[in-house]
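data36.cif follows; it contains mmCIF, C-alpha atoms.
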```
data_entry
loop_
_atom_site.label_atom_id
_atom_site.label_comp_id
_atom_site.auth_asym_id
_atom_site.auth_seq_id
_atom_site.Cartn_x
_atom_site.Cartn_y
_atom_site.Cartn_z
CA MET A 288 -44.94 -101.80 54.32
CA ILE A 289 -41.65 -100.31 55.48
CA ALA A 290 -42.83 -100.48 59.09
CA ALA A 291 -43.90 -104.11 58.71
CA LEU A 292 -40.62 -105.15 57.14
CA SER A 293 -38.47 -103.38 59.67
CA LEU A 294 -40.48 -104.92 62.51
CA LEU A 295 -40.07 -108.38 61.02
CA ALA A 296 -36.35 -107.80 60.60
CA TYR A 297 -36.08 -106.57 64.19
CA ALA A 298 -37.90 -109.64 65.52
CA LEU A 299 -35.73 -111.97 63.46
CA MET A 300 -32.54 -110.26 64.53
CA LEU A 301 -33.50 -110.37 68.22
CA ALA A 302 -34.61 -113.99 68.06
CA LEU A 303 -31.29 -115.02 66.52
CA ALA A 304 -28.76 -112.70 68.12
CA GLY A 305 -30.47 -112.00 71.46
CA PRO A 306 -29.99 -115.39 73.12
CA ARG A 307 -26.39 -115.57 71.93
CA LEU A 308 -25.60 -112.16 73.39
CA LEU A 309 -27.32 -112.87 76.69
CA ARG A 310 -25.90 -116.35 77.14
CA ALA A 311 -22.37 -115.36 76.27
CA SER A 312 -22.46 -112.46 78.69
CA SER A 313 -20.62 -112.90 81.93
CA TRP A 314 -22.70 -110.24 83.67
CA ALA A 315 -25.88 -112.32 83.84
CA ASP A 316 -24.63 -114.31 86.84
CA ARG A 317 -23.49 -111.12 88.56
CA ALA A 318 -26.79 -109.31 88.07
CA PRO A 319 -29.39 -112.07 87.92
CA ARG A 320 -32.33 -109.73 88.42
CA LEU A 321 -31.35 -107.62 85.43
CA ALA A 322 -30.75 -110.76 83.36
CA ILE A 323 -34.20 -112.10 84.26
CA ALA A 324 -35.73 -108.81 83.10
CA ALA A 325 -33.63 -108.88 79.92
CA TRP A 326 -34.85 -112.36 78.96
CA GLN A 327 -38.49 -111.45 79.54
CA ALA A 328 -38.05 -108.20 77.59
CA LEU A 329 -36.45 -110.14 74.75
CA THR A 330 -39.31 -112.62 74.40
CA VAL A 331 -42.03 -110.00 74.80
CA THR A 332 -40.36 -107.72 72.28
CA VAL A 333 -40.04 -110.47 69.66
CA LEU A 334 -43.70 -111.39 70.05
CA ALA A 335 -44.85 -107.77 70.05
CA SER A 336 -42.76 -106.95 66.97
CA LEU A 337 -44.23 -109.88 65.03
CA ALA A 338 -47.78 -108.99 66.08
CA LEU A 339 -47.24 -105.31 65.24
CA ALA A 340 -45.73 -106.26 61.88
CA GLY A 341 -48.89 -108.20 61.16
CA ALA A 342 -51.01 -105.24 62.17
CA ALA A 343 -48.95 -102.93 59.99
CA LEU A 344 -49.53 -105.21 57.00
CA THR A 345 -53.26 -105.38 57.65
CA PHE A 346 -53.99 -101.72 58.12
CA PRO A 347 -52.69 -99.35 55.46
CA THR A 348 -51.07 -96.15 56.56
CA VAL A 349 -53.04 -93.02 55.84
CA THR A 350 -52.37 -89.36 56.02
CA VAL A 351 -53.38 -88.07 59.39
CA SER A 352 -56.22 -85.64 59.21
CA ARG A 353 -57.33 -82.84 61.44
CA ASP A 354 -60.62 -84.37 62.47
CA LEU A 355 -61.91 -87.86 63.14
CA ALA A 356 -64.39 -87.89 60.25
CA GLY A 357 -61.64 -87.02 57.80
CA LEU A 358 -59.36 -89.67 59.25
CA LEU A 359 -62.06 -92.32 58.99
CA GLN A 360 -62.81 -91.36 55.43
CA ALA A 361 -59.16 -91.49 54.46
CA CYS A 362 -58.94 -94.78 56.25
CA ILE A 363 -61.81 -96.34 54.33
CA MET A 364 -60.43 -95.11 51.07
CA ALA A 365 -56.97 -96.47 51.81
CA ILE A 366 -58.39 -99.83 52.84
CA GLN A 367 -60.51 -99.98 49.69
CA GLU A 368 -57.47 -99.15 47.64
CA GLN A 369 -55.25 -101.73 49.29
CA TYR A 370 -57.78 -104.53 49.18
CA ALA A 371 -58.79 -103.77 45.57
CA SER A 372 -55.49 -105.23 44.36
CA PRO A 373 -54.94 -108.98 44.90
CA GLY A 374 -51.42 -108.40 46.19
CA GLY A 375 -52.55 -105.84 48.74
CA ALA A 376 -55.37 -108.06 49.91
CA ALA A 377 -53.05 -111.04 50.30
CA ALA A 378 -50.57 -108.99 52.33
CA GLY A 379 -53.40 -107.67 54.48
CA ALA A 380 -54.79 -111.15 55.10
CA THR A 381 -51.34 -112.56 55.90
CA GLY A 382 -50.73 -109.75 58.33
CA ALA A 383 -54.05 -110.30 60.07
CA VAL A 384 -53.41 -114.02 60.41
CA LEU A 385 -49.92 -113.37 61.78
CA ALA A 386 -51.08 -110.82 64.33
CA LEU A 387 -54.08 -112.83 65.51
CA THR A 388 -52.18 -116.12 65.66
CA ILE A 389 -49.43 -114.68 67.81
CA LEU A 390 -51.77 -112.78 70.08
CA GLY A 391 -54.22 -115.65 70.42
CA ARG A 392 -51.62 -118.34 70.94
CA THR A 393 -49.76 -116.28 73.55
CA LEU A 394 -52.87 -115.40 75.54
CA TRP A 395 -54.24 -118.93 75.34
CA CYS A 396 -51.04 -120.66 76.42
CA VAL A 397 -50.19 -118.20 79.18
CA GLY A 398 -53.75 -118.36 80.50
CA ARG A 399 -53.84 -122.14 80.37
CA GLY A 400 -50.38 -122.39 81.95
CA LEU A 401 -51.28 -120.12 84.87
CA ALA A 402 -54.63 -121.84 85.40
CA GLY A 403 -52.98 -125.26 85.39
CA MET A 404 -50.42 -124.00 87.88
CA ALA A 405 -53.14 -122.74 90.21
CA LEU A 406 -55.00 -126.06 90.06
CA GLU A 407 -51.90 -128.11 90.72
CA ARG A 408 -50.96 -125.86 93.60
CA ALA A 409 -54.45 -126.04 95.13
CA ARG A 410 -54.43 -129.84 94.99
CA HIS A 411 -50.94 -129.99 96.51
CA GLY A 412 -52.00 -127.49 99.18
CA ARG A 413 -55.08 -129.50 100.19
CA ILE A 414 -52.97 -132.60 100.84
CA LEU A 415 -50.37 -130.49 102.63
CA ASP A 416 -53.08 -129.08 104.91
CA ILE A 417 -53.78 -132.56 106.21
CA VAL A 418 -50.38 -134.26 106.30
CA GLY A 419 -48.12 -131.27 107.03
CA ARG A 420 -47.35 -130.03 110.53
CA ASP A 421 -47.30 -126.30 111.16
CA ASN A 422 -44.11 -125.02 112.74
CA LYS A 423 -45.14 -121.65 114.15
CA GLN A 424 -41.65 -120.78 115.35
CA HIS A 425 -40.22 -120.63 111.83
CA GLY A 426 -43.46 -120.09 109.97
CA ILE A 427 -43.00 -123.23 107.93
CA VAL A 428 -44.85 -126.47 107.24
CA VAL A 429 -42.94 -129.63 108.13
CA LEU A 430 -43.32 -132.91 106.26
CA ASP A 431 -42.18 -136.15 107.90
CA SER A 432 -39.79 -137.48 105.29
CA ASP A 433 -36.15 -138.57 105.32
CA GLU A 434 -35.74 -137.07 101.87
CA ALA A 435 -34.07 -133.68 102.45
CA THR A 436 -35.97 -131.11 100.45
CA VAL A 437 -37.26 -127.57 100.75
CA TYR A 438 -39.77 -125.87 98.49
CA CYS A 439 -42.41 -123.21 98.53
CA LEU A 440 -46.00 -123.08 97.47
CA PRO A 441 -46.64 -119.61 96.05
CA GLY A 442 -50.01 -117.96 95.77
CA ARG A 443 -52.49 -116.39 98.10
CA ARG A 444 -51.77 -118.82 100.95
CA ARG A 445 -48.07 -119.00 100.43
CA ARG A 446 -46.16 -121.56 102.42
CA THR A 447 -42.63 -122.80 102.75
CA VAL A 448 -42.33 -126.54 103.20
CA VAL A 449 -39.33 -128.23 104.82
CA THR A 450 -38.95 -131.98 105.30
CA THR A 451 -37.66 -133.43 108.58
CA GLY A 452 -34.73 -134.76 106.55
CA ALA A 453 -33.81 -131.20 105.57
CA LEU A 454 -34.29 -129.92 109.14
CA GLN A 455 -31.81 -132.52 110.36
CA ALA A 456 -29.29 -131.60 107.67
CA LEU A 457 -29.39 -127.85 108.40
CA ASP A 458 -28.19 -125.88 111.40
CA GLU A 459 -30.06 -122.79 112.67
CA ALA A 460 -28.12 -120.30 110.53
CA GLN A 461 -28.44 -122.44 107.42
CA LEU A 462 -32.17 -122.85 107.96
CA ALA A 463 -32.51 -119.06 108.17
CA ALA A 464 -30.61 -118.81 104.87
CA VAL A 465 -32.89 -121.37 103.22
CA LEU A 466 -35.98 -119.53 104.45
CA ALA A 467 -34.60 -116.22 103.13
CA HIS A 468 -34.06 -117.91 99.75
CA GLU A 469 -37.65 -119.16 99.65
CA HIS A 470 -38.94 -115.82 100.89
CA ALA A 471 -37.27 -114.15 97.89
CA HIS A 472 -39.02 -116.59 95.53
CA LEU A 473 -42.36 -115.87 97.17
CA SER A 474 -42.16 -112.11 97.54
CA GLU A 475 -40.75 -111.50 94.06
CA ARG A 476 -43.32 -113.87 92.52
CA HIS A 477 -40.73 -115.94 90.70
CA ASP A 478 -43.42 -118.51 90.05
CA LEU A 479 -45.28 -116.09 87.77
CA ILE A 480 -42.14 -115.17 85.84
CA LEU A 481 -41.22 -118.82 85.46
CA GLY A 482 -44.80 -119.76 84.55
CA PHE A 483 -44.89 -117.04 81.90
CA SER A 484 -41.60 -118.02 80.27
CA ARG A 485 -42.51 -121.72 80.31
CA ALA A 486 -45.91 -120.96 78.81
CA LEU A 487 -44.22 -119.12 75.92
CA ALA A 488 -41.86 -122.06 75.41
CA ALA A 489 -44.89 -124.35 75.24
CA ALA A 490 -46.76 -121.96 72.93
CA PHE A 491 -43.99 -121.74 70.33
CA PRO A 492 -42.06 -124.99 70.71
CA GLY A 493 -40.18 -124.62 67.43
CA ILE A 494 -38.44 -121.40 68.38
CA ALA A 495 -35.17 -121.84 70.26
CA LEU A 496 -35.39 -118.37 71.81
CA PHE A 497 -38.37 -119.28 74.01
CA ARG A 498 -36.89 -122.59 75.07
CA LEU A 499 -33.64 -120.89 76.06
CA ALA A 500 -35.48 -118.07 77.81
CA ALA A 501 -37.42 -120.55 79.96
CA ALA A 502 -34.31 -122.53 80.88
CA GLU A 503 -32.28 -119.43 81.68
CA THR A 504 -35.12 -117.89 83.69
CA ALA A 505 -35.36 -121.05 85.80
CA ARG A 506 -31.61 -120.89 86.46
CA LEU A 507 -31.45 -117.15 87.10
CA ILE A 508 -34.31 -117.00 89.62
CA GLU A 509 -32.33 -119.44 91.77
CA LEU A 510 -29.25 -117.20 91.56
CA ARG A 511 -31.36 -114.19 92.46
CA ALA A 512 -32.85 -115.99 95.48
CA ASP A 513 -29.36 -117.14 96.51
CA ASP A 514 -28.17 -113.53 96.42
CA ALA A 515 -31.14 -112.41 98.52
CA ALA A 516 -30.36 -115.12 101.06
CA ALA A 517 -26.64 -114.24 101.01
CA ALA A 518 -27.44 -110.60 101.78
CA ARG A 519 -29.12 -111.78 104.98
CA SER A 520 -27.09 -114.77 106.04
CA GLY A 521 -23.74 -114.51 104.28
CA ARG A 522 -22.59 -116.26 101.14
CA LEU A 523 -20.80 -119.16 102.78
CA THR A 524 -23.83 -119.94 104.94
CA VAL A 525 -26.02 -120.14 101.85
CA ALA A 526 -23.42 -122.32 100.10
CA GLY A 527 -23.34 -124.59 103.15
CA ALA A 528 -27.12 -124.81 103.20
CA LEU A 529 -27.24 -125.71 99.52
CA LEU A 530 -24.67 -128.43 100.03
CA ALA A 531 -26.42 -129.77 103.12
CA VAL A 532 -29.76 -130.12 101.32
CA ALA A 533 -28.38 -131.26 97.98
CA SER A 534 -25.72 -133.71 99.12
CA PRO A 535 -26.87 -137.28 98.85
CA GLY A 536 -27.51 -138.51 102.38
CA LYS A 537 -28.60 -141.84 103.75
CA THR A 538 -31.41 -142.18 101.26
CA PRO A 539 -30.37 -142.11 97.62
CA LEU A 540 -31.93 -139.29 95.64
CA PRO A 541 -34.25 -140.26 92.84
CA SER A 542 -32.39 -140.36 89.55
CA ILE A 543 -34.51 -137.61 88.00
CA ALA A 544 -33.34 -135.08 90.56
CA LEU A 545 -29.72 -135.88 89.81
CA ALA A 546 -30.10 -136.00 86.06
CA ALA A 547 -32.08 -132.81 85.79
CA GLY A 548 -30.01 -130.37 87.74
CA GLY A 549 -26.92 -131.81 89.33
CA ALA A 550 -24.67 -129.42 87.48
CA GLY A 551 -26.92 -126.43 88.22
CA ALA A 552 -26.82 -126.98 91.97
CA ALA A 553 -23.05 -127.43 92.02
CA ALA A 554 -22.57 -124.31 89.92
CA ARG A 555 -24.62 -122.35 92.44
CA VAL A 556 -22.39 -123.46 95.30
CA ARG A 557 -19.25 -122.62 93.28
CA ARG A 558 -20.63 -119.16 92.54
CA LEU A 559 -21.18 -118.44 96.24
CA ILE A 560 -17.76 -119.47 97.52
CA PRO A 561 -15.63 -116.58 96.14
CA PRO A 562 -16.38 -113.06 97.46
CA HIS A 563 -19.40 -111.26 96.08
CA ASN A 564 -18.74 -109.45 92.82
CA PRO A 565 -21.95 -107.72 91.75
CA LEU A 566 -22.24 -105.72 88.57
CA GLY A 567 -21.27 -102.06 89.05
CA ARG A 568 -23.92 -99.42 89.37
CA ALA A 569 -23.09 -97.77 86.04
CA ARG A 570 -23.21 -101.05 84.14
CA THR A 571 -26.45 -102.06 85.84
CA ALA A 572 -27.99 -98.74 84.83
CA ALA A 573 -26.74 -99.17 81.26
CA GLY A 574 -28.21 -102.67 81.18
CA SER A 575 -31.57 -101.43 82.47
CA LEU A 576 -31.57 -98.76 79.79
CA ALA A 577 -30.84 -101.36 77.12
CA VAL A 578 -33.76 -103.47 78.34
CA ALA A 579 -36.06 -100.46 78.15
CA ALA A 580 -34.78 -99.62 74.66
CA LEU A 581 -35.41 -103.20 73.55
CA LEU A 582 -39.05 -102.83 74.52
CA THR A 583 -39.68 -99.37 73.04
CA LEU A 584 -37.98 -99.94 69.70
CA PRO A 585 -40.88 -101.81 68.04
CA VAL A 586 -43.21 -98.93 68.84
CA LEU A 587 -40.74 -96.52 67.28
CA LEU A 588 -40.34 -98.80 64.27
CA LEU A 589 -44.08 -98.80 63.81
CA GLY A 590 -44.50 -95.08 64.18
CA GLY A 591 -41.10 -94.00 62.83
CA PRO A 592 -41.35 -94.66 59.08
CA ALA A 593 -44.92 -93.42 59.14
CA ALA A 594 -43.88 -90.20 60.80
CA ALA A 595 -41.00 -89.82 58.39
CA ALA A 596 -43.43 -90.08 55.49
CA ALA A 597 -44.92 -86.74 56.51
CA GLY A 598 -47.78 -87.40 58.83
CA HIS A 599 -48.67 -90.88 57.74
CA ASN A 600 -50.01 -93.11 60.43
CA LEU A 601 -51.53 -96.50 60.97
CA CYS A 602 -55.16 -96.49 60.01
CA PRO A 603 -56.90 -97.09 63.32
CA GLY A 604 -54.27 -95.21 65.23
CA ILE A 605 -55.42 -92.05 66.94
CA SER A 606 -52.96 -89.29 66.41
CA THR A 607 -52.93 -86.06 68.32
CA SER A 608 -50.71 -84.16 65.95
CA ALA A 609 -52.49 -83.12 62.80
CA SER A 610 -49.77 -82.30 60.32
CA SER A 611 -51.37 -82.21 56.93
CA PRO A 612 -54.97 -82.21 55.79
CA ALA A 613 -56.59 -85.38 54.49
CA ALA A 614 -56.22 -86.20 50.85
CA MET B 127 -63.55 -123.35 117.59
CA PRO B 128 -60.71 -124.84 115.52
CA LYS B 129 -60.39 -124.10 111.84
CA PHE B 130 -62.01 -126.56 109.46
CA GLY B 131 -58.70 -127.64 107.95
CA ASP B 132 -57.27 -128.23 111.42
CA LEU B 133 -60.16 -130.52 112.26
CA GLU B 134 -59.71 -132.51 109.06
CA SER B 135 -56.06 -132.88 109.91
CA ALA B 136 -56.83 -133.93 113.50
CA ILE B 137 -59.36 -136.54 112.38
CA MET B 138 -56.94 -138.07 109.87
CA GLU B 139 -54.23 -138.04 112.53
CA GLN B 140 -56.53 -139.93 114.90
CA ILE B 141 -57.40 -142.61 112.35
CA TRP B 142 -53.82 -143.03 111.16
CA ARG B 143 -52.63 -143.39 114.72
CA ALA B 144 -55.30 -145.97 115.53
CA GLY B 145 -54.23 -148.02 112.52
CA ARG B 146 -57.75 -149.40 112.11
CA PRO B 147 -61.18 -148.09 111.08
CA LEU B 148 -62.87 -146.06 113.83
CA LEU B 149 -66.42 -145.12 114.76
CA VAL B 150 -67.22 -141.42 114.80
CA ARG B 151 -67.63 -141.74 118.57
CA GLU B 152 -64.06 -143.06 118.87
CA VAL B 153 -62.73 -140.30 116.65
CA LEU B 154 -64.51 -137.74 118.82
CA GLU B 155 -62.94 -139.17 121.98
CA GLY B 156 -59.50 -138.95 120.44
CA VAL B 157 -59.87 -135.45 119.02
CA GLY B 158 -61.45 -134.17 122.25
CA ARG B 159 -61.50 -130.37 122.38
CA GLY B 160 -65.16 -130.49 123.44
CA LEU B 161 -66.43 -130.74 119.89
CA ALA B 162 -69.99 -131.72 119.07
CA TYR B 163 -70.57 -135.23 117.72
CA ASN B 164 -72.33 -133.78 114.67
CA THR B 165 -69.40 -131.53 113.76
CA VAL B 166 -66.96 -134.44 113.79
CA HIS B 167 -69.44 -136.62 111.92
CA THR B 168 -69.92 -134.03 109.19
CA VAL B 169 -66.19 -133.48 108.66
CA THR B 170 -65.53 -137.23 108.68
CA GLU B 171 -68.21 -137.66 106.01
CA ILE B 172 -66.56 -134.88 103.96
CA LEU B 173 -63.18 -136.62 104.23
CA HIS B 174 -64.87 -139.82 103.02
CA ARG B 175 -66.34 -137.98 100.04
CA LYS B 176 -62.94 -136.47 99.21
CA GLY B 177 -61.45 -139.95 99.12
CA TRP B 178 -59.32 -139.75 102.27
CA LEU B 179 -61.46 -142.22 104.26
CA THR B 180 -63.15 -145.50 103.50
CA LYS B 181 -66.49 -146.25 105.10
CA GLU B 182 -67.90 -149.60 106.22
CA ARG B 183 -71.06 -150.53 108.06
CA ASP B 184 -70.68 -151.79 111.63
CA GLY B 185 -74.06 -152.66 113.12
CA ARG B 186 -76.10 -149.46 113.15
CA ALA B 187 -73.10 -147.13 112.74
CA PHE B 188 -70.20 -146.71 110.30
CA ARG B 189 -66.51 -147.20 110.70
CA TYR B 190 -64.10 -144.90 108.87
CA GLY B 191 -60.64 -146.08 107.89
CA ALA B 192 -57.72 -144.35 106.12
CA ALA B 193 -57.73 -144.91 102.36
CA ALA B 194 -53.93 -144.75 102.37
CA GLY B 195 -51.15 -144.29 104.91
CA ARG B 196 -49.87 -140.87 105.82
CA ASP B 197 -46.46 -141.84 104.40
CA LYS B 198 -47.96 -142.37 100.99
CA TYR B 199 -49.36 -138.85 100.85
CA VAL B 200 -46.12 -137.34 102.14
CA ALA B 201 -44.11 -139.34 99.62
CA GLY B 202 -46.38 -138.07 96.85
CA LEU B 203 -45.80 -134.44 97.86
CA VAL B 204 -42.05 -134.93 98.19
CA THR B 205 -41.87 -136.59 94.77
CA GLU B 206 -43.71 -133.65 93.26
CA ALA B 207 -41.32 -131.27 94.98
CA LEU B 208 -38.25 -133.18 93.80
CA SER B 209 -39.41 -133.35 90.21
CA LEU B 210 -39.82 -129.58 90.00
CA THR B 211 -36.76 -129.36 87.84
CA ASP B 212 -38.53 -130.92 84.88
CA ASP B 213 -39.95 -128.16 82.75
CA ARG B 214 -43.55 -129.13 83.21
CA SER B 215 -44.86 -126.68 85.72
CA ALA B 216 -43.94 -123.81 87.97
CA ALA B 217 -46.58 -124.62 90.56
CA LEU B 218 -43.93 -125.18 93.22
CA VAL B 219 -40.59 -123.45 93.48
CA GLY B 220 -37.78 -125.45 94.99
CA PHE B 221 -34.59 -124.76 96.84
CA VAL B 222 -32.03 -127.02 95.26
CA GLU B 223 -31.73 -130.24 93.31
CA GLY B 224 -29.27 -133.02 93.94
CA ILE B 225 -25.49 -132.87 93.63
CA ARG B 226 -23.41 -135.90 92.63
CA PRO B 227 -21.44 -137.44 95.50
CA GLU B 228 -17.98 -136.82 93.95
CA GLU B 229 -18.84 -133.23 93.26
CA ALA B 230 -20.38 -132.71 96.70
CA GLU B 231 -17.15 -133.87 98.32
CA GLU B 232 -15.08 -131.41 96.30
CA LEU B 233 -17.48 -128.57 97.11
CA HIS B 234 -17.36 -129.40 100.82
CA ARG B 235 -13.57 -129.09 100.64
CA LEU B 236 -13.73 -125.76 98.80
CA LEU B 237 -16.28 -124.41 101.23
CA SER B 238 -14.32 -125.30 104.36
CA ALA B 239 -11.18 -123.77 102.84
CA ALA B 240 -13.12 -120.55 102.20
CA ARG B 241 -14.49 -120.63 105.76
CA ASN B 242 -11.01 -121.01 107.22
CA LYS B 243 -9.77 -118.11 105.14
CA GLU B 244 -12.66 -115.97 106.34
CA VAL B 245 -11.95 -116.81 109.98
CA ARG B 246 -8.23 -115.99 109.62
CA SER B 247 -8.72 -112.69 107.79
#
```

Serialized structure, structure tokens:
Amino acid sequence: MIAALSLLAYALMLALAGPRLLRASSWADRAPRLAIAAWQALTVTVLASLALAGAALTFPTVTVSRDLAGLLQACIMAIQEQYASPGGAAAGATGAVLALTILGRTLWCVGRGLAGMALERARHGRILDIVGRDNKQHGIVVLDSDEATVYCLPGRRRRTVVTTGALQALDEAQLAAVLAHEHAHLSERHDLILGFSRALAAAFPGIALFRLAAAETARLIELRADDAAAARSGRLTVAGALLAVASPGKTPLPSIALAAGGAGAAARVRRLIPPHNPLGRARTAAGSLAVAALLTLPVLLLGGPAAAAAGHNLCPGISTSASSPAA
Amino acid sequence: MPKFGDLESAIMEQIWRAGRPLLVREVLEGVGRGLAYNTVHTVTEILHRKGWLTKERDGRAFRYGAAAGRDKYVAGLVTEALSLTDDRSAALVGFVEGIRPEEAEELHRLLSAARNKEVRS
């Protein structure tokens, strides 16, 4: 019970305070890769804590025994005892529903999201195969369109697509910067990270944490790819390339493109103009440690109170240390 | 032997360029490359089944025409790419969205100032 309550409290605290801490932090834009990891760790930890809390409610803790038969016997007795009382049975049932709902909903939505992504990509790719022109020199696919745009199609047959409008707007150095940006997306599988965080947002639409995590992940992967491109081509070249592709040209951009991310694109250019100011090594290491701690704490919370109560453990848990004989 | 996808692309290219429905024989002449009639016929039939080509009888043979212009397909892909910013899907990953004209102007100014500074230093 103590484990379940502390896990629930941990999840609640993270869900409420986590986004505020991460969004208020000024380091996220200076270390986008760490910030991406922190957001994913935050969402995974909240889900895992809730699911583990459910499991802790369902399975009573028992004294760890020396041998498996003793453990099983103690387990059965503890379960019988818990479920003999109406209160214990209700808590157990609630816990089971909580754990299974979270696990099931997460797996279902992530699976469906990734499958949908693969289908959409395959359909897009089939059309691209026929109407796109291969440019072997740059390793890109060219689309004949005045609309200046660049995007990539991740997956097994990954491709970077550039429209003729974008090719006209970019000079050689800027094109190299754009391709480095897309290469970072492809090689670091940003599509999977984004797909995962969006699937969680779709799975639990009521919870602000997941919505924020998806939005921030979408923003941060662009910053990360900009940094990767800047390392190759220089920050001002990347800024120039962004402006060249994003600036409204002869053809007016569709209103959705402007409405959805006008501010985001401009903020990216502004970020690239001053000299690079990455997060220091010590602070990056501290941040990485914090992310790791975030993830391991629920496991400690689950095992901690049990261990403190002299060798108690979760019922189905297999323990290697046999501290006291079975009751 | 060209790849299958290349041949599909070449056949569509031929028919789009002609601007009218073609016989398989005419497609073959355009594509060239010493391909067998049957190969071109099979792939044309597949394109018809996939909805890229329409098919109409002409005497004892069939004429295949484009179901839609190349521009329409390209426009469809570009629209999908430009609407990536809506939270629907992560199937494609873009480079950048649009910037408002006023803001673009200001950023151009800032950028050239930074470039000048870099050159001088």

Problem - Expected selection from the PyMOL selection byres ((chain B) within 7 of (chain A)), given as JSON, numbers by chain - result: {"B": [131, 134, 135, 196, 200, 203, 207, 208, 209, 211, 212, 215, 216, 217, 218, 219, 220, 221, 222, 223, 224, 225, 226, 227, 230, 237, 240]}

So that I have them on file, write out the residues from the current selection with C-alpha atoms, as an mmCIF file, in the coordinates of the input.
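Contents of the output file result_7.cif:
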```
data_model
loop_
_atom_site.group_PDB
_atom_site.id
_atom_site.type_symbol
_atom_site.label_atom_id
_atom_site.label_comp_id
_atom_site.auth_asym_id
_atom_site.auth_seq_id
_atom_site.Cartn_x
_atom_site.Cartn_y
_atom_site.Cartn_z
ATOM 1 C CA GLY B 131 -58.700 -127.640 107.950
ATOM 2 C CA GLU B 134 -59.710 -132.510 109.060
ATOM 3 C CA SER B 135 -56.060 -132.880 109.910
ATOM 4 C CA ARG B 196 -49.870 -140.870 105.820
ATOM 5 C CA VAL B 200 -46.120 -137.340 102.140
ATOM 6 C CA LEU B 203 -45.800 -134.440 97.860
ATOM 7 C CA ALA B 207 -41.320 -131.270 94.980
ATOM 8 C CA LEU B 208 -38.250 -133.180 93.800
ATOM 9 C CA SER B 209 -39.410 -133.350 90.210
ATOM 10 C CA THR B 211 -36.760 -129.360 87.840
ATOM 11 C CA ASP B 212 -38.530 -130.920 84.880
ATOM 12 C CA SER B 215 -44.860 -126.680 85.720
ATOM 13 C CA ALA B 216 -43.940 -123.810 87.970
ATOM 14 C CA ALA B 217 -46.580 -124.620 90.560
ATOM 15 C CA LEU B 218 -43.930 -125.180 93.220
ATOM 16 C CA VAL B 219 -40.590 -123.450 93.480
ATOM 17 C CA GLY B 220 -37.780 -125.450 94.990
ATOM 18 C CA PHE B 221 -34.590 -124.760 96.840
ATOM 19 C CA VAL B 222 -32.030 -127.020 95.260
ATOM 20 C CA GLU B 223 -31.730 -130.240 93.310
ATOM 21 C CA GLY B 224 -29.270 -133.020 93.940
ATOM 22 C CA ILE B 225 -25.490 -132.870 93.630
ATOM 23 C CA ARG B 226 -23.410 -135.900 92.630
ATOM 24 C CA PRO B 227 -21.440 -137.440 95.500
ATOM 25 C CA ALA B 230 -20.380 -132.710 96.700
ATOM 26 C CA LEU B 237 -16.280 -124.410 101.230
ATOM 27 C CA ALA B 240 -13.120 -120.550 102.200
#
```

Tell me, as a CSV table (one decimal) with C-alpha atoms, in the frame of the given file, which residues lie within 12 Å of His167 in chain B, counting only C-alpha atoms; anything in the same chain fewer than 6 positions away does not count.
```csv
chain,number,residue,atom,x,y,z
B,133,LEU,CA,-60.2,-130.5,112.3
B,134,GLU,CA,-59.7,-132.5,109.1
B,137,ILE,CA,-59.4,-136.5,112.4
B,148,LEU,CA,-62.9,-146.1,113.8
B,149,LEU,CA,-66.4,-145.1,114.8
B,150,VAL,CA,-67.2,-141.4,114.8
B,151,ARG,CA,-67.6,-141.7,118.6
B,152,GLU,CA,-64.1,-143.1,118.9
B,153,VAL,CA,-62.7,-140.3,116.6
B,154,LEU,CA,-64.5,-137.7,118.8
B,157,VAL,CA,-59.9,-135.4,119.0
B,161,LEU,CA,-66.4,-130.7,119.9
B,173,LEU,CA,-63.2,-136.6,104.2
B,174,HIS,CA,-64.9,-139.8,103.0
B,187,ALA,CA,-73.1,-147.1,112.7
B,188,PHE,CA,-70.2,-146.7,110.3
B,189,ARG,CA,-66.5,-147.2,110.7
B,190,TYR,CA,-64.1,-144.9,108.9
```

Problem - Reference answer for the PyMOL selection byres ((chain A and resi 385) around 10), as an NGL selection string - result: :A and (337-342 or 344-345 or 379-384 or 386-391)

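Applied to the file shown here, the PyMOL selection byres ((chain B and resi 191) around 6) selects Pro147, Leu179, Thr180, Tyr190 and Ala192 of chain B.
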
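Going from CA of Thr165 in chain B over to CA of Met138 in chain B, you cover 14.6 Å.
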
Practice task
Could you please determine the separation between CA of Leu329 in chain A and CA of Arg310 in chain A in Å, to one decimal place?
Solution key: 12.5 Å

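Minimum distance to Thr330 in chain A across A:Ala464, A:Leu487, A:Ala515, A:Leu587 (counting all atoms listed in the file) occurs at A:Leu487.
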
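If you look at CA of Leu499 in chain A and CA of Leu309 in chain A, they are 10.2 Å away from each other.
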
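If all atoms listed in the file are the atoms counted, then among B:Glu206, B:Ser238, B:Gly177, B:Ala144 the closest residue to Ala194 in chain B is B:Gly177.
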
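Using all atoms listed in the file, the smallest distance between any of A:Asp458, A:Asp316, A:Ser293, A:Leu301 and Ala328 in chain A comes from A:Leu301.
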